[in-house]
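Some notes on the structure that comes next.
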Amino acid sequence: MAPAFYRRLGEDLFLPTVHTQGAWRPDEQHMGPVSGILAHAIDLHEPQEHLQLARVSYDILGMIPARPSRVTVRTTRPGRTIELVEATMTVDDRPVVRAHAWRLSAQDSTPVAGVELDPMPGPGDFPAWHGADTWEGGYIRGLEFRADPERRPGRTRTWIRARNPLVDGETCSPTTDLIRLADTANGIAVRVSPSEWMFPNVDLTVHLFREPVRGWVGFDTRVTMGTTGLGLTSTTLHDELGPVGRAEQILTVRPLPGA
């Protein structure tokens, strides 16, 4: 019952709390906190002040049991200006999620800076939305939502923030604070009822073009579903200063057994 998503049990071992509980099964971890704890581990791995996280991609290798989870990190492509880091979560000696992160050098690019992504109204401009009305699980219950009243199936603009820290007694970076919410995009603009269809994502890729500020995370989300069992959730990510990056999730779409 710790007021956090995880408790640290050791150098690389974490205990998931009820706040990580997934939406499809009560005995699994939601990918949101999992992506956050892997990003947190990457942040802490051989940090270099002049390198910044630019992209992190996650491959979900199967159901993620809500059991003690080991996170290991290694540098696979070292460099002074470009570096590739790999992180893996293992549960019961089985890899369940693998992440690859590019860290790129920071320098002044102000003379050529420009953003072509549309802004969105702030969290104070949208009314509260109750995600637990659509989804079950401890993860969703621990989030606060502000959603565009003109939202519709397959399209929404939503602000989200978490009520609980990622790791009990620890502070994570603003980038990790954003990444740990990014997977939520697949549940805020559903095209079909999750009580009738399954559409879990098997990956998550987040690209960032600047470091976000801590606070509300904005999602400008579109969900596309094809005719052969594939779908795509595409999101422009925002902080309260404006657009900050993009997130993409590929979906496997199938009828819910017994629905």
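By convention here, the chains of the structure tokens are called A, B, ... in the order presented, each chain's residues are numbered starting at 1, and ligands are numbered starting at 1 in the order presented.
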
Quiz prompt | Expected answer as a list in words: alpha helix (DSSP H) residues in region 141-227 of chain A | solution =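 Answer for region 141-227 of chain A restricted to alpha helix (DSSP H) is Arg141, Pro174, Thr175, Thr176, Asp177, Leu178, Ile179, Arg180, Leu181 and Ala182 of chain A.
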
Exercise. For Arg180 (chain A), list every protein, DNA or RNA residue within 7 Å, evaluated using only C-alpha atoms, and leave out those in the same chain fewer than 3 positions away; present the list as a PyMOL selection string.
Key: chain A and resi 32-33+35-36+176-177

Quiz prompt | Separation of CA of Pro119 (chain A) from CA of Pro243 (chain A) in Å | solution = 6.4 Å

Practice problem: Extract, using only C-alpha atoms, all DNA, RNA and protein residues at most 10 Å from Gln249 (chain A), discarding same-chain residues fewer than 5 positions from it, and format them as an MDAnalysis selection string. | Solution: chainID A and resid 57:58 182:183 185:186 200:206 223 231:235

Quiz item: Looking at only C-alpha atoms, which of A:Phe219, A:Phe5, A:Phe14, A:Phe126 is the one that sits closest to Pro68 (chain A)?
Solution: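 Looking only at the distances to Pro68 (chain A), the closest residue turns out to be A:Phe14.
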
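You will find CA of Ile37 (chain A) at 21.1 Å from CA of Ile250 (chain A).
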